[in-house]
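Engineer: After the structure tokens below, expect a handful of questions from me.
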Protein chains: 2
Amino acid sequence: MVNRAAQSSTRARSVDLYLHALMLLTNHGQQADTGDVAARVGVSAAAASRMLKNLARKKLVRLEPYQGAELTPEGMHRALRIVRRHRLLEVFLHSVMGFDLRESHERAQRMQPTVDEAFEEKLDQMLGRPKIDPHGRPIPARNVTWPRLADSPLLDLPAGTSGRVSRVTSEDAEAIRYLERQGLRAGAAIVLESVAPFEGPVTVRVGRRQIHLGRRLAQLINVENHPGGERPARTRRRDSRAPKPSD
Amino acid sequence: MVNRAAQSSTRARSVDLYLHALMLLTNHGQQADTGDVAARVGVSAAAASRMLKNLARKKLVRLEPYQGAELTPEGMHRALRIVRRHRLLEVFLHSVMGFDLRESHERAQRMQPTVDEAFEEKLDQMLGRPKIDPHGRPIPARNVTWPRLADSPLLDLPAGTSGRVSRVTSEDAEAIRYLERQGLRAGAAIVLESVAPFEGPVTVRVGRRQIHLGRRLAQLINVENHPGGERPARTRRRDSRAPKPSD
DNA sequence: ACGTAATTTTAGCCGCTGTTAACTTTCGCG
DNA sequence: CGCGAAAGTTAACAGCGGCTAAAATTACGT
């Protein structure tokens, strides 16, 4: 009748936001500076500065005052778990609940602290152990490593290659939507017809349409690998509709 | 790129816990006293006392110091919305995610603050607008009123009546499980054979089994109404498996 | 009826995380 | 090279919500 023990954990929420932000800001090797972190988390620079110091004290972050911060291996591990949960939530919110990308992101943010081991596992299972989120970004695996995705950036391929779009990865909803309207969505058959030199436009064929894209947009497109010369015939990915992410 | 506005609400969580507790403790008319509230929410009496004062200041609760408290109409309204969300979450967690009753309850508690209008509606929709939670308790309707349930407590019926179990309502998981094992679960055909006088045992028939129940257990059972003399043939309710609630 | 036990309330404290305002460090440019 | 703006850090404060301890109130048994 008494229901102690029911209240428990909504503890340690905001730490997660900072780790998540750091992960995204530093995953290409650089350090993240306080301002960027603050902006990403949505708090004042003062708050971010202090939190970074806390995280440093907890050995989750290596901090060089006035210079920047980066995750320690320990912090990286924690952050990957957070990213995994966040992206699983996004898949759920988008594909199952039907929220658009922006809303899915925001709700995932809010729901994050309610996800624990068990929930994460059931969610993963229920969603069919997705490898990518609704933005086309990879979802860290259960062992908290990045999954091997069987695709490559379109621009890494030689002209003439044909394949199937695996995902369109961008934080800019407009960009995704534009490509979407051109038929460039996950699953679409595509032929890379030419790549103009000097950062010039890229020409691709989608169905019977020929499309010219700037490098920035072309960069967003990934195509499935088809190791030998076989037809691209693998299972098709989740589609990515709707607007504005940022994750 | 900056993602302000993403952080927003996990605000005002614990208030909800107190309102929920008050709703349950007072819904039979009585006042709730501080100790009960504290126990239910799982905090010290001091914490509960102060929170009750806050709620009184906000006009959500009418408080007689040292005596007890009850919800104002406004508070009742808020509480009903909370209960609605809690129970929808329980249905989701139990029926869709597969958590047992106890876990569903605890998780619902934690997830509560992440549910807003839109989420509530999608959830309700996705679950087929359930009228009862996994404990057999009614889920307040969208307009925040108790739903009319087409059933009656078994003990309100005259001996000889037959019907179909609509729900077994209890906070005691053991009780539910015991009845479960006797075949007394939602959907089961049941005949009320006799009710012994002087608070004596109740005899029911389930299938070809005859079962004798104490009044306390018998009280938990509700049977569907079948207005005229028609066979009970309505759509079967969700089943209620698993253990320990408290909600 | 009265004193003691139980309950409730108040007071004071803590930790967390946000803010603004002042101070410090860095860095680019004249 | 030095200076001022920009970026980062520290300080002081706020509000929430928990806790314990002490004070206040109520309630009950003899």
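Residue names in the structure tokens use chain letters A, B, ... in the order shown, residue numbers from 1 in each chain, and ligand numbers from 1 in the order shown.
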Please provide as a VMD selection string all residues within 12 Å of stretch 33-38 of chain B, with the sequence filter that same-chain residues fewer than 5 positions apart are discarded (counting only C-alpha atoms (C1' of nucleotides)).
Structural biologist: (chain A and resid 1 to 4 7) or (chain B and resid 17 to 26 43 to 53 62 to 70) or (chain C and resid 6 to 9)
Engineer: Which residues come within 12 Å of C:DA5, counting only C-alpha atoms (C1' of nucleotides), excluding same-chain residues fewer than 2 positions away, as JSON, numbers by chain?
Structural biologist: {"C": [3, 7], "D": [26, 27, 28, 29]}
Engineer: Excluding same-chain residues fewer than 5 positions from D:DA5, what lies within 12 Å of it counting only C-alpha atoms (C1' of nucleotides), as a list in words?
Structural biologist: DT26, DC27, DG28 and DC29 of chain C
Engineer: Rank B:Pro201, B:Gly98, B:Gly214, B:Gly42 by their smallest atom-to-atom distance to chain D, using only C-alpha atoms (C1' of nucleotides), and report the top residue only.
Structural biologist: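 Of all the options, B:Gly42 lies closest to chain D.
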Engineer: Step one, run DSSP on the backbone; step two, keep only residues of stretch 96-222 of chain A assigned to strand (DSSP E); then write them as a list in words.
Structural biologist: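 Filtering stretch 96-222 of chain A down to strand (DSSP E) leaves Asp151, Ser152, Pro153, Ser162, Gly163, Arg164, Val165, Ser166, Arg167, Val168, Ala189, Ile190, Val191, Leu192, Glu193, Ser194, Val195, Val202, Thr203, Val204, Arg205, Val206, Arg209, Gln210, Ile211, His212, Leu213, Ile221 and Asn222 of chain A.
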Engineer: Could you give me, as a list in words, the residues within 10 Å of A:Asn143, counting only C-alpha atoms (C1' of nucleotides) and dropping anything in the same chain fewer than 5 positions from it?
Structural biologist: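 These residues fall inside the cut-off: His77, Leu80 and Arg81 of chain A.
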Engineer: Show me, as a list of chain:residue names, the residues that have an atom within 10 Å of C:DA11 when counting only C-alpha atoms (C1' of nucleotides), minus same-chain residues fewer than 3 positions from it.
Structural biologist: D:DA21, D:DA22, D:DA23
Engineer: Can those selected residues be exported to a file as a compact mmCIF listing (two decimals), in the first residue's frame so that it contains C-alpha atoms (C1' of nucleotides)?
Structural biologist:
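Printed below is result-v9.txt as written:
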# COMPACT_ATOMS: atom_id res chain seq x y z
C1' DA D 21 16.32 17.92 14.06
C1' DA D 22 13.59 20.56 16.90
C1' DA D 23 9.28 22.72 17.99
Engineer: Can you measure atom CA of B:Arg148 to atom CA of B:Lys131 for me? One decimal in Å is fine.
Structural biologist: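 Pair atom CA of B:Arg148 / atom CA of B:Lys131 returns 8.7 Å.
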Engineer: Near chain A, meaning an atom within 12 Å, which residues of chain C appear when counting only C-alpha atoms (C1' of nucleotides)? Write them as a VMD selection string.
Structural biologist: chain C and resid 15 to 21 24 to 27
Engineer: Selection from above, N, CA and C atoms (P, O5', C5', C4', C3', O3' and C1' of nucleotides), as an mmCIF file, in the first residue's frame, can you write it?
Structural biologist:
data_model
loop_
_atom_site.group_PDB
_atom_site.id
_atom_site.type_symbol
_atom_site.label_atom_id
_atom_site.label_comp_id
_atom_site.auth_asym_id
_atom_site.auth_seq_id
_atom_site.Cartn_x
_atom_site.Cartn_y
_atom_site.Cartn_z
ATOM 1 P P DG C 15 26.467 19.285 -0.011
ATOM 2 O "O5'" DG C 15 25.666 18.975 -1.357
ATOM 3 C "C5'" DG C 15 24.936 17.747 -1.464
ATOM 4 C "C4'" DG C 15 24.191 17.754 -2.767
ATOM 5 C "C3'" DG C 15 25.037 18.224 -3.954
ATOM 6 O "O3'" DG C 15 24.687 17.399 -5.045
ATOM 7 C "C1'" DG C 15 23.139 19.599 -3.744
ATOM 8 P P DC C 16 25.581 17.422 -6.332
ATOM 9 O "O5'" DC C 16 24.560 18.044 -7.373
ATOM 10 C "C5'" DC C 16 23.310 17.400 -7.564
ATOM 11 C "C4'" DC C 16 22.427 18.357 -8.313
ATOM 12 C "C3'" DC C 16 23.122 18.979 -9.532
ATOM 13 O "O3'" DC C 16 22.377 18.595 -10.661
ATOM 14 C "C1'" DC C 16 21.943 20.607 -8.258
ATOM 15 P P DT C 17 23.044 18.577 -12.085
ATOM 16 O "O5'" DT C 17 22.520 19.966 -12.640
ATOM 17 C "C5'" DT C 17 21.118 20.189 -12.706
ATOM 18 C "C4'" DT C 17 20.875 21.651 -12.905
ATOM 19 C "C3'" DT C 17 21.832 22.314 -13.912
ATOM 20 O "O3'" DT C 17 21.064 23.047 -14.826
ATOM 21 C "C1'" DT C 17 21.677 23.586 -11.994
ATOM 22 P P DG C 18 21.675 23.434 -16.239
ATOM 23 O "O5'" DG C 18 21.166 24.927 -16.458
ATOM 24 C "C5'" DG C 18 19.792 25.210 -16.394
ATOM 25 C "C4'" DG C 18 19.525 26.568 -15.750
ATOM 26 C "C3'" DG C 18 20.417 27.716 -16.224
ATOM 27 O "O3'" DG C 18 19.820 28.418 -17.306
ATOM 28 C "C1'" DG C 18 20.117 27.778 -13.876
ATOM 29 P P DT C 19 20.679 29.596 -18.007
ATOM 30 O "O5'" DT C 19 20.542 30.860 -17.011
ATOM 31 C "C5'" DT C 19 19.283 31.211 -16.447
ATOM 32 C "C4'" DT C 19 19.420 32.505 -15.675
ATOM 33 C "C3'" DT C 19 20.353 33.502 -16.349
ATOM 34 O "O3'" DT C 19 19.697 34.685 -16.718
ATOM 35 C "C1'" DT C 19 21.017 33.145 -14.079
ATOM 36 P P DT C 20 20.545 35.686 -17.689
ATOM 37 O "O5'" DT C 20 21.144 36.796 -16.703
ATOM 38 C "C5'" DT C 20 20.379 37.307 -15.609
ATOM 39 C "C4'" DT C 20 21.271 38.162 -14.737
ATOM 40 C "C3'" DT C 20 22.143 39.169 -15.485
ATOM 41 O "O3'" DT C 20 22.214 40.358 -14.703
ATOM 42 C "C1'" DT C 20 23.525 37.716 -14.245
ATOM 43 P P DA C 21 22.871 41.659 -15.277
ATOM 44 O "O5'" DA C 21 24.208 41.711 -14.416
ATOM 45 C "C5'" DA C 21 24.138 41.440 -13.019
ATOM 46 C "C4'" DA C 21 25.530 41.547 -12.429
ATOM 47 C "C3'" DA C 21 26.438 42.554 -13.134
ATOM 48 O "O3'" DA C 21 27.320 43.104 -12.154
ATOM 49 C "C1'" DA C 21 27.396 40.425 -13.296
ATOM 50 P P DT C 24 40.493 39.898 -11.995
ATOM 51 O "O5'" DT C 24 40.672 38.808 -13.137
ATOM 52 C "C5'" DT C 24 40.216 37.476 -12.879
ATOM 53 C "C4'" DT C 24 40.599 36.604 -14.050
ATOM 54 C "C3'" DT C 24 41.978 36.869 -14.639
ATOM 55 O "O3'" DT C 24 42.536 35.602 -14.866
ATOM 56 C "C1'" DT C 24 40.340 37.026 -16.338
ATOM 57 P P DT C 25 44.094 35.447 -15.261
ATOM 58 O "O5'" DT C 25 44.000 34.954 -16.761
ATOM 59 C "C5'" DT C 25 43.169 33.838 -17.048
ATOM 60 C "C4'" DT C 25 42.914 33.800 -18.531
ATOM 61 C "C3'" DT C 25 44.163 33.887 -19.413
ATOM 62 O "O3'" DT C 25 44.220 32.663 -20.106
ATOM 63 C "C1'" DT C 25 42.414 35.251 -20.242
ATOM 64 P P DT C 26 45.504 32.368 -21.079
ATOM 65 O "O5'" DT C 26 44.923 32.773 -22.497
ATOM 66 C "C5'" DT C 26 43.545 32.583 -22.706
ATOM 67 C "C4'" DT C 26 43.133 32.887 -24.134
ATOM 68 C "C3'" DT C 26 44.220 32.890 -25.196
ATOM 69 O "O3'" DT C 26 43.673 32.215 -26.311
ATOM 70 C "C1'" DT C 26 43.133 34.996 -25.158
ATOM 71 P P DC C 27 44.567 31.918 -27.571
ATOM 72 O "O5'" DC C 27 44.154 33.075 -28.572
ATOM 73 C "C5'" DC C 27 42.761 33.424 -28.711
ATOM 74 C "C4'" DC C 27 42.649 34.577 -29.694
ATOM 75 C "C3'" DC C 27 43.783 34.637 -30.715
ATOM 76 O "O3'" DC C 27 43.231 35.121 -31.933
ATOM 77 C "C1'" DC C 27 43.754 36.632 -29.508
#
Engineer: Report the closest atom pair, with its distance in Å rounded to one decimal, for each residue of chain D that has an atom no farther than 9 Å from chain B; count only C-alpha atoms (C1' of nucleotides), sort by chain and then rising residue number, and write it as a Markdown table.
Structural biologist:
| residue | atom | partner | partner_atom | distance |
| --- | --- | --- | --- | --- |
| D:DG17 | C1' | B:Ala47 | CA | 7.7 |
| D:DG18 | C1' | B:Ala47 | CA | 7.1 |
| D:DC19 | C1' | B:Ser44 | CA | 7.7 |
| D:DT25 | C1' | B:Tyr66 | CA | 7.2 |
| D:DT26 | C1' | B:Tyr66 | CA | 7.6 |
Engineer: I need the chosen residues saved as a short mmCIF file (atom, residue, chain, number, x, y, z; two decimals), in the first residue's frame, with C-alpha atoms (C1' of nucleotides).
Structural biologist:
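Below is the file that was written, out.cif:
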data_model
loop_
_atom_site.label_atom_id
_atom_site.label_comp_id
_atom_site.auth_asym_id
_atom_site.auth_seq_id
_atom_site.Cartn_x
_atom_site.Cartn_y
_atom_site.Cartn_z
"C1'" DG D 17 13.02 19.53 -3.41
"C1'" DG D 18 15.14 16.31 -0.60
"C1'" DC D 19 16.77 15.50 4.63
"C1'" DT D 25 0.03 20.28 18.03
"C1'" DT D 26 -3.10 16.61 18.49
#
Engineer: Using DSSP on the backbone coordinates, identify the residues of stretch 12-116 of chain A assigned to alpha helix (DSSP H); present them as a PyMOL selection string.
Structural biologist: chain A and resi 14-26+34-41+45-57+73-91+101-111
